[in-house]
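The file entry29.cif comes next; it holds mmCIF, C-alpha atoms.
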data_protein
#
loop_
_atom_site.label_atom_id
_atom_site.label_comp_id
_atom_site.auth_asym_id
_atom_site.auth_seq_id
_atom_site.Cartn_x
_atom_site.Cartn_y
_atom_site.Cartn_z
CA MET A 1 13.13 -19.47 -18.22
CA GLN A 2 10.70 -20.27 -15.40
CA THR A 3 11.39 -23.70 -13.86
CA ASP A 4 10.90 -25.33 -10.45
CA SER A 5 14.59 -24.84 -9.83
CA SER A 6 14.58 -21.13 -10.72
CA PHE A 7 11.49 -20.66 -8.53
CA ARG A 8 13.38 -22.06 -5.53
CA PHE A 9 16.63 -20.22 -6.20
CA GLU A 10 15.03 -16.79 -6.62
CA ARG A 11 13.48 -17.27 -3.17
CA GLY A 12 16.78 -17.80 -1.44
CA VAL A 13 18.09 -21.36 -1.72
CA ASP A 14 21.80 -21.21 -0.90
CA PRO A 15 23.70 -21.66 -4.21
CA ASN A 16 26.93 -22.34 -2.30
CA ASN A 17 25.37 -25.45 -0.77
CA ILE A 18 25.16 -27.29 -4.10
CA ILE A 19 28.51 -29.05 -3.74
CA TYR A 20 27.59 -30.42 -0.31
CA ALA A 21 24.20 -31.60 -1.60
CA LEU A 22 25.84 -33.15 -4.68
CA LYS A 23 28.39 -35.07 -2.60
CA ARG A 24 25.67 -36.31 -0.26
CA ALA A 25 23.55 -37.48 -3.21
CA ALA A 26 26.53 -39.26 -4.79
CA LEU A 27 27.35 -40.97 -1.48
CA LEU A 28 23.78 -42.24 -1.07
CA ILE A 29 23.74 -43.54 -4.67
CA LYS A 30 27.02 -45.38 -4.03
CA GLU A 31 25.90 -46.91 -0.72
CA ILE A 32 22.33 -47.84 -1.64
CA ALA A 33 22.29 -48.43 -5.38
CA GLY A 34 25.85 -49.70 -5.80
CA GLY A 35 26.97 -46.93 -8.09
CA SER A 36 30.50 -45.61 -8.48
CA ILE A 37 31.93 -42.09 -8.43
CA SER A 38 33.07 -41.43 -12.01
CA SER A 39 34.92 -38.12 -11.68
CA GLU A 40 35.69 -35.08 -9.62
CA ILE A 41 33.20 -32.22 -9.40
CA VAL A 42 33.06 -29.94 -12.44
CA ASP A 43 31.69 -26.54 -11.42
CA VAL A 44 30.57 -24.15 -14.18
CA TYR A 45 29.65 -21.16 -12.04
CA PRO A 46 30.45 -17.73 -13.55
CA ASN A 47 29.33 -15.53 -10.64
CA PRO A 48 29.85 -17.04 -7.19
CA VAL A 49 27.60 -15.53 -4.54
CA THR A 50 29.63 -13.81 -1.83
CA ASP A 51 28.63 -13.07 1.74
CA HIS A 52 26.59 -9.93 2.33
CA ARG A 53 28.44 -7.32 4.42
CA VAL A 54 26.54 -5.42 7.11
CA ASN A 55 27.76 -2.92 9.71
CA ILE A 56 26.07 -2.67 13.10
CA LYS A 57 26.50 -0.13 15.87
CA TYR A 58 26.14 -1.02 19.54
CA LYS A 59 24.12 2.13 20.24
CA ASN A 60 21.56 1.11 17.61
CA VAL A 61 21.33 -2.38 19.12
CA ASP A 62 20.60 -0.85 22.55
CA ARG A 63 18.15 1.69 21.09
CA LEU A 64 16.05 -0.78 19.09
CA ILE A 65 16.01 -3.53 21.71
CA GLY A 66 15.47 -1.17 24.62
CA LYS A 67 18.12 -2.80 26.76
CA GLN A 68 21.91 -2.78 26.86
CA ILE A 69 23.20 -6.25 25.98
CA PRO A 70 26.87 -7.01 26.77
CA THR A 71 29.06 -7.00 23.68
CA GLU A 72 30.39 -10.49 24.44
CA ASN A 73 26.84 -11.85 24.40
CA ILE A 74 26.21 -10.15 21.05
CA LYS A 75 29.33 -11.76 19.56
CA LYS A 76 28.38 -15.23 20.82
CA ILE A 77 24.87 -14.91 19.39
CA LEU A 78 26.21 -13.84 15.99
CA GLU A 79 28.72 -16.70 15.89
CA SER A 80 25.97 -19.19 16.77
CA LEU A 81 24.00 -17.89 13.77
CA GLU A 82 27.03 -18.46 11.48
CA ILE A 83 27.38 -14.71 10.93
CA LYS A 84 31.10 -13.96 10.67
CA ILE A 85 32.67 -11.08 12.57
CA VAL A 86 35.07 -9.57 10.03
CA GLU A 87 36.24 -6.61 12.09
CA GLU A 88 35.63 -5.09 15.51
CA ILE A 89 35.49 -1.30 15.50
CA THR A 90 34.97 1.17 18.33
CA GLU A 91 31.29 1.76 17.64
CA GLY A 92 30.28 -1.75 16.59
CA LEU A 93 31.03 -4.68 14.29
CA VAL A 94 31.57 -5.40 10.60
CA LEU A 95 29.78 -8.64 9.69
CA ASP A 96 29.51 -11.06 6.77
CA VAL A 97 26.10 -12.70 6.41
CA PRO A 98 26.02 -16.07 4.57
CA PRO A 99 24.07 -16.18 1.28
CA TYR A 100 21.41 -18.56 2.59
CA ARG A 101 20.20 -15.90 5.03
CA VAL A 102 18.31 -13.91 2.39
CA ASP A 103 16.11 -12.37 5.09
CA VAL A 104 19.07 -10.66 6.76
CA THR A 105 20.20 -7.70 4.65
CA ARG A 106 20.16 -4.67 7.00
CA GLU A 107 21.35 -3.60 10.41
CA ALA A 108 17.78 -3.85 11.71
CA ASP A 109 17.61 -7.49 10.55
CA ILE A 110 20.80 -8.31 12.48
CA ILE A 111 19.40 -6.66 15.61
CA GLU A 112 16.18 -8.65 15.23
CA GLU A 113 18.20 -11.88 15.09
CA ILE A 114 20.14 -10.87 18.21
CA LEU A 115 16.90 -10.16 20.07
CA ARG A 116 15.32 -13.42 18.88
CA ILE A 117 18.16 -15.50 20.35
CA TYR A 118 18.61 -13.32 23.43
CA GLY A 119 14.90 -13.72 24.21
CA TYR A 120 12.05 -11.25 24.08
CA ASN A 121 11.10 -12.22 27.61
CA ASN A 122 14.52 -11.07 28.87
CA VAL A 123 13.82 -7.46 27.89
CA GLU A 124 12.06 -5.78 30.79
CA VAL A 125 9.24 -3.34 30.17
CA SER A 126 10.47 0.16 30.99
CA THR A 127 8.65 2.04 33.73
CA ASP A 128 9.91 5.42 32.49
CA VAL A 129 8.02 7.53 29.98
CA LYS A 130 10.70 9.08 27.80
CA SER A 131 8.49 11.57 26.01
CA THR A 132 6.39 14.56 26.87
CA ILE A 133 2.71 13.88 27.37
CA SER A 134 0.67 16.51 25.59
CA TYR A 135 -2.97 16.37 24.63
CA ALA A 136 -3.74 17.21 21.04
CA PRO A 137 -7.16 16.10 19.82
CA LYS A 138 -6.97 14.02 16.66
CA PRO A 139 -9.84 12.79 14.52
CA ASP A 140 -10.86 9.19 15.06
CA ARG A 141 -10.19 7.86 11.57
CA ASN A 142 -12.02 4.58 12.09
CA LYS A 143 -15.07 6.44 13.37
CA TRP A 144 -15.11 8.72 10.32
CA LYS A 145 -14.60 5.77 7.98
CA ASN A 146 -17.61 4.06 9.52
CA THR A 147 -19.63 7.28 9.26
CA ILE A 148 -18.87 7.74 5.56
CA SER A 149 -19.36 4.02 4.89
CA ASP A 150 -22.83 4.22 6.44
CA LEU A 151 -23.57 7.34 4.38
CA LEU A 152 -22.52 5.72 1.10
CA SER A 153 -24.30 2.45 1.90
CA SER A 154 -27.50 4.42 2.50
CA LYS A 155 -27.09 5.87 -1.02
CA GLY A 156 -26.97 2.39 -2.57
CA PHE A 157 -23.19 1.91 -2.70
CA ASN A 158 -21.46 -1.43 -2.09
CA GLU A 159 -18.00 -1.64 -0.57
CA ALA A 160 -15.24 -3.12 -2.73
CA MET A 161 -11.91 -4.53 -1.59
CA SER A 162 -9.28 -4.84 -4.32
CA ASN A 163 -5.79 -6.29 -4.09
CA SER A 164 -2.94 -3.98 -3.10
CA LEU A 165 -0.76 -5.92 -5.56
CA THR A 166 -1.24 -5.03 -9.20
CA LYS A 167 0.52 -4.85 -12.58
CA SER A 168 3.44 -2.48 -12.91
CA ALA A 169 2.57 -2.32 -16.64
CA TYR A 170 -0.52 -0.27 -15.75
CA TYR A 171 1.61 2.64 -14.56
CA GLU A 172 4.04 2.44 -17.46
CA GLN A 173 1.15 3.29 -19.81
CA LEU A 174 -0.20 6.29 -17.85
CA GLU A 175 1.53 9.66 -17.65
CA SER A 176 -0.41 10.64 -14.53
CA PHE A 177 1.43 7.93 -12.57
CA LYS A 178 5.22 8.02 -12.77
CA ALA A 179 6.73 4.60 -13.35
CA GLU A 180 9.74 5.48 -11.17
CA ASN A 181 7.39 5.99 -8.20
CA THR A 182 6.11 2.41 -8.44
CA VAL A 183 7.05 0.10 -5.56
CA LYS A 184 7.99 -3.20 -7.20
CA ILE A 185 7.96 -6.63 -5.55
CA LEU A 186 11.35 -8.35 -5.43
CA ASN A 187 10.07 -11.88 -6.09
CA PRO A 188 6.57 -11.62 -7.59
CA LEU A 189 4.51 -14.75 -8.10
CA SER A 190 3.40 -13.43 -11.50
CA SER A 191 3.67 -10.34 -13.69
CA ASP A 192 0.07 -9.51 -12.78
CA LEU A 193 1.08 -9.02 -9.13
CA ASP A 194 4.52 -7.47 -9.38
CA ALA A 195 3.92 -3.99 -7.89
CA LEU A 196 2.04 -2.13 -5.17
CA ARG A 197 -0.76 0.11 -6.39
CA GLN A 198 -0.39 3.88 -6.74
CA SER A 199 -4.14 4.37 -7.07
CA LEU A 200 -7.44 2.66 -6.31
CA LEU A 201 -8.61 3.41 -9.86
CA LEU A 202 -7.19 0.39 -11.66
CA GLY A 203 -8.35 -2.18 -9.11
CA GLY A 204 -11.77 -0.54 -9.19
CA LEU A 205 -11.97 -0.81 -12.98
CA GLU A 206 -11.12 -4.51 -12.68
CA ALA A 207 -14.06 -4.85 -10.28
CA VAL A 208 -16.35 -2.97 -12.69
CA ILE A 209 -15.53 -5.17 -15.69
CA TYR A 210 -15.81 -8.29 -13.50
CA ASN A 211 -19.35 -7.28 -12.53
CA GLU A 212 -20.33 -6.23 -16.05
CA ASN A 213 -19.25 -9.59 -17.45
CA ARG A 214 -21.69 -11.17 -15.00
CA LYS A 215 -24.63 -8.96 -16.06
CA ASN A 216 -24.38 -6.72 -13.00
CA GLN A 217 -24.20 -3.45 -14.89
CA ASN A 218 -25.72 -0.82 -12.59
CA LEU A 219 -22.87 -0.26 -10.17
CA LYS A 220 -22.13 1.98 -7.22
CA LEU A 221 -18.88 1.00 -5.50
CA TYR A 222 -16.67 2.59 -2.88
CA GLU A 223 -13.34 1.52 -1.42
CA PHE A 224 -11.00 2.67 1.33
CA GLY A 225 -7.38 1.67 0.80
CA ASN A 226 -3.71 2.58 0.93
CA CYS A 227 -1.64 3.62 -2.08
CA TYR A 228 2.12 3.10 -2.09
CA PHE A 229 4.96 5.16 -3.56
CA ILE A 230 8.74 5.35 -3.70
CA ASN A 231 10.71 8.57 -4.01
CA PRO A 232 13.89 7.68 -5.94
CA GLU A 233 15.35 11.14 -5.29
CA ASN A 234 15.49 10.53 -1.54
CA THR A 235 19.15 9.76 -0.82
CA ASN A 236 18.77 9.45 2.95
CA SER A 237 20.98 6.81 4.53
CA ASN A 238 17.88 5.04 5.83
CA SER A 239 16.62 3.19 2.76
CA LEU A 240 13.09 2.97 4.17
CA ASN A 241 12.61 6.75 4.19
CA LYS A 242 12.08 6.81 0.43
CA TYR A 243 8.90 4.75 0.77
CA TYR A 244 5.62 6.36 1.75
CA GLU A 245 1.90 5.62 1.53
CA GLU A 246 -1.36 7.54 1.34
CA ASN A 247 -4.88 6.59 2.37
CA HIS A 248 -7.59 7.17 -0.23
CA LEU A 249 -11.32 6.76 -0.74
CA ALA A 250 -12.58 5.91 -4.23
CA LEU A 251 -16.12 6.06 -5.64
CA PHE A 252 -17.22 4.35 -8.86
CA ILE A 253 -20.61 4.64 -10.57
CA SER A 254 -21.60 3.05 -13.87
CA GLY A 255 -24.72 2.00 -15.73
CA ASN A 256 -28.15 3.38 -14.81
CA LYS A 257 -29.08 5.46 -11.79
CA ASN A 258 -31.97 3.14 -10.96
CA ASN A 259 -33.04 -0.41 -11.75
CA VAL A 260 -35.80 -1.15 -14.26
CA ASN A 261 -39.16 -0.08 -12.83
CA TRP A 262 -42.63 -0.09 -14.41
CA ASN A 263 -43.50 3.44 -13.22
CA LYS A 264 -40.16 5.13 -13.72
CA THR A 265 -37.93 5.53 -16.75
CA THR A 266 -34.31 4.49 -16.38
CA GLU A 267 -31.67 7.21 -16.48
CA LYS A 268 -27.97 6.77 -17.09
CA SER A 269 -25.48 7.72 -14.40
CA ASP A 270 -23.76 10.99 -15.19
CA PHE A 271 -21.13 13.40 -13.98
CA TYR A 272 -23.60 15.46 -11.97
CA LYS A 273 -24.74 12.42 -10.01
CA LEU A 274 -21.13 11.72 -9.05
CA LYS A 275 -20.68 15.38 -8.10
CA THR A 276 -23.69 15.07 -5.79
CA TYR A 277 -22.21 12.03 -4.03
CA THR A 278 -18.82 13.76 -3.79
CA GLU A 279 -20.31 16.80 -2.10
CA GLN A 280 -22.37 14.62 0.23
CA VAL A 281 -19.17 12.93 1.44
CA LEU A 282 -17.50 16.31 2.04
CA LYS A 283 -20.56 17.61 3.88
CA GLY A 284 -20.72 14.39 5.89
CA LEU A 285 -17.21 15.18 7.15
CA GLY A 286 -18.27 18.69 8.17
CA TYR A 287 -16.79 20.62 5.25
CA SER A 288 -18.56 23.54 3.61
CA ILE A 289 -18.58 23.33 -0.18
CA ASP A 290 -18.22 27.12 -0.37
CA ASP A 291 -14.73 26.83 1.15
CA PHE A 292 -13.39 24.90 -1.84
CA LYS A 293 -11.92 26.20 -5.05
CA LEU A 294 -12.97 24.27 -8.17
CA GLU A 295 -10.61 23.59 -11.06
CA GLU A 296 -11.19 21.66 -14.25
CA ILE A 297 -8.97 18.66 -14.96
CA SER A 298 -8.34 16.73 -18.15
CA ASN A 299 -5.59 14.13 -18.42
CA ASP A 300 -5.06 10.50 -19.39
CA ILE A 301 -7.24 9.42 -16.45
CA PHE A 302 -10.23 11.71 -16.99
CA ASP A 303 -11.87 12.86 -20.21
CA TYR A 304 -13.26 15.70 -18.12
CA GLY A 305 -13.58 16.36 -14.43
CA LEU A 306 -13.14 18.69 -11.49
CA LYS A 307 -10.99 18.88 -8.41
CA TYR A 308 -11.76 20.54 -5.08
CA GLN A 309 -8.90 22.44 -3.47
CA ILE A 310 -8.19 24.58 -0.44
CA GLY A 311 -4.93 26.43 -0.99
CA GLN A 312 -2.50 24.04 -2.66
CA LYS A 313 -4.07 20.91 -1.15
CA THR A 314 -6.26 18.79 -3.43
CA PHE A 315 -9.03 17.05 -1.50
CA VAL A 316 -10.75 15.16 -4.30
CA ASP A 317 -10.54 14.58 -8.07
CA PHE A 318 -13.61 13.29 -9.88
CA GLY A 319 -14.86 12.91 -13.42
CA LEU A 320 -15.45 10.57 -16.36
CA VAL A 321 -12.75 7.91 -16.76
CA SER A 322 -10.98 8.45 -20.09
CA LYS A 323 -12.09 6.47 -23.11
CA SER A 324 -8.59 5.08 -23.76
CA LEU A 325 -8.33 3.77 -20.20
CA ARG A 326 -11.80 2.22 -20.38
CA LYS A 327 -10.89 0.61 -23.69
CA SER A 328 -7.83 -1.05 -22.14
CA PHE A 329 -10.22 -2.77 -19.70
CA ASP A 330 -12.76 -3.63 -22.46
CA LEU A 331 -15.32 -1.30 -20.89
CA ASP A 332 -17.89 0.13 -23.30
CA ARG A 333 -20.00 1.98 -20.72
CA ASP A 334 -19.12 5.25 -19.06
CA VAL A 335 -17.48 4.91 -15.66
CA PHE A 336 -17.39 7.88 -13.28
CA TYR A 337 -14.69 7.94 -10.65
CA ALA A 338 -13.90 10.09 -7.60
CA ASP A 339 -10.60 9.92 -5.71
CA PHE A 340 -10.54 11.42 -2.19
CA ASN A 341 -7.20 11.93 -0.45
CA TRP A 342 -8.33 10.65 2.95
CA ASP A 343 -5.13 11.80 4.72
CA VAL A 344 -5.70 15.40 3.62
CA LEU A 345 -9.39 15.19 4.56
CA MET A 346 -8.51 13.99 8.07
CA ASN A 347 -5.70 16.50 8.59
CA LYS A 348 -7.87 19.46 7.56
CA LEU A 349 -11.04 18.22 9.25
CA PRO A 350 -13.09 21.11 10.72
CA LYS A 351 -12.49 21.12 14.47
CA THR A 352 -15.83 22.68 15.41
CA LYS A 353 -19.28 21.67 14.28
CA GLN A 354 -21.67 24.52 13.62
CA PHE A 355 -25.40 24.11 13.88
CA GLN A 356 -28.45 26.33 14.02
CA ALA A 357 -31.04 25.69 16.71
CA ILE A 358 -34.54 24.74 15.60
CA SER A 359 -36.97 27.64 15.93
CA LYS A 360 -39.17 27.59 19.02
CA TYR A 361 -42.10 29.03 17.08
CA PRO A 362 -44.20 27.40 14.35
CA GLU A 363 -43.80 28.50 10.75
CA VAL A 364 -46.18 31.28 9.70
CA SER A 365 -46.98 32.26 6.11
CA ARG A 366 -48.38 35.69 5.31
CA ASP A 367 -49.40 37.39 2.08
CA LEU A 368 -48.17 40.91 1.53
CA ALA A 369 -49.87 43.13 -1.05
CA LEU A 370 -48.34 46.42 -2.14
CA LEU A 371 -50.22 49.02 -4.17
#
Full structure transcribed into structure tokens:
Amino acid sequence: MQTDSSFRFERGVDPNNIIYALKRAALLIKEIAGGSISSEIVDVYPNPVTDHRVNIKYKNVDRLIGKQIPTENIKKILESLEIKIVEEITEGLVLDVPPYRVDVTREADIIEEILRIYGYNNVEVSTDVKSTISYAPKPDRNKWKNTISDLLSSKGFNEAMSNSLTKSAYYEQLESFKAENTVKILNPLSSDLDALRQSLLLGGLEAVIYNENRKNQNLKLYEFGNCYFINPENTNSNSLNKYYEENHLALFISGNKNNVNWNKTTEKSDFYKLKTYTEQVLKGLGYSIDDFKLEEISNDIFDYGLKYQIGQKTFVDFGLVSKSLRKSFDLDRDVFYADFNWDVLMNKLPKTKQFQAISKYPEVSRDLALL
């Protein structure tokens, strides 16, 4: 049941503080309103919330803060924060964190609290460079994003920006996206925003139907964005290592290729038009289309489509969005979608640009007759 009380408690109100609050309320009622205390406290509480236990190591405190803080100072800071020191071991401390500190669940959170009280200004900036300086040219991702954005805008595309939060139910219905790879939000505001997206496709389809419902039916949209995943098979001690993200570029076209014009018949957008835009993006990044291997794809995302590969790396998937997926969004028109893996595109970006000099001589045409 969703209530105001449950909304507060799921966001970290200390359940162990109820008795204190109840006594204070009863005291105020007695003093101000002239009431009387009728009985002792009756507590029906099946699962008391215990303190959260966290271990910290001194070497990790020094490593993350960048300065060696005396152990006595660390202990005083923790005690001032009402974090109990259960046991002192050779390498560090065993701590109990009170339930009302819902933001402190890991060793890194404890270290952040220590640094906050110790003072950021008390940590000197190191003058030593503790890494090797080597020059390795890397592509300027922002520059290439701007280049491709300009290219697509010149072709009539508009940039879309969809929410990174989406429905986890989307991915439970599609085999192409594994539900166990979905990153779920601990305390979502609603079931419509309870997970991080695995693809730009679903947010893009929401944008398409939003525009169609407002009579804007001839669409060309593109979006740059991150997609988020969790690998449940990763059993590394660092719980953050199982999370990873990828940067993608998505193209959407729907409706007619051109607006209504008195001297030109309207033509519907088709797969070949999307293929043209896809190849223009690849060429704009300096790739040669001849270097790619083409494979057909057909799954619960595409009714038909192609993917461009070099070796085992897939650079882009594109095709007609499946009828069943379009139906789930109440879309009657065909929607064509291309998904570029931007990380792969940047990592495999051609390092040299090849060009052919313009001829110094004017073009000459000659007729040759053979008898």
Q. Which residues come within 12 Å of Asp140 (chain A), counting all atoms listed in the file, excluding same-chain residues fewer than 2 positions away, as a ChimeraX atom specification?
A. /A:137-138,142-147,285,346-347,349
**Q.** the PyMOL selection byres ((chain A and resi 223-236) around 8) resolved against shown file, as a PyMOL selection string
**A.** chain A and resi 159-161+164+180-183+196-200+221-222+237-239+241-251
Q: Using the chain letters and numbers from the file, give me the residues hit by the PyMOL selection byres ((chain A and resi 324-336) around 7), as number ranges by chain.
A: A: 209, 252-255, 271, 274, 301, 319-323, 337
Q | For Val281 (chain A), the nearest of the candidates A:Tyr304, A:Trp262, A:Phe340, A:Tyr170, counting all atoms listed in the file | A |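 Of all the options, A:Phe340 lies closest to Val281 (chain A).
Taking CA of Gly311 (chain A) and CA of Trp342 (chain A) as the two end points, the separation is 16.6 Å.
Take the candidates A:Glu107, A:Glu206, A:Asp14, A:Glu296 and check each one against Lys59 (chain A) using all atoms listed in the file; the shortest distance goes to A:Glu107.
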Q) Smallest atom-to-atom distance to Val42 (chain A): which of A:Thr265, A:Arg366, A:Ala169, A:Ile19, using only C-alpha atoms? A) A:Ile19
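The coordinates place CA of Ser176 (chain A) at 28.7 Å from CA of Ser288 (chain A).
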Q | Shell around region 72-83 of chain A at 10 Å using all atoms listed in the file, local window under 4 positions removed, as a list in words | A | Asp51, His52, Arg53, Tyr58, Val61, Leu93, Leu95, Asp96, Val97, Pro98, Arg101, Ile110, Ile111, Glu113, Ile114, Leu115, Arg116, Ile117 and Tyr118 of chain A
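CA of Asp303 (chain A) sits 19.0 Å away from CA of Gly203 (chain A).
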Q: Tell me, as a PyMOL selection string, which residues lie within 12 Å of Lys348 (chain A), counting all atoms listed in the file; anything in the same chain fewer than 2 positions away does not count.
A: chain A and resi 138-139+282+285-287+291+309-311+313-315+341-346+350-352
Q.
For a quick check of understanding, using only C-alpha atoms, which of A:Leu240, A:Gln280, A:Leu27, A:Asn218 has the smallest distance to Asn259 (chain A)?
A.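 Residue with the minimum atom-to-atom distance to Asn259 (chain A): A:Asn218.
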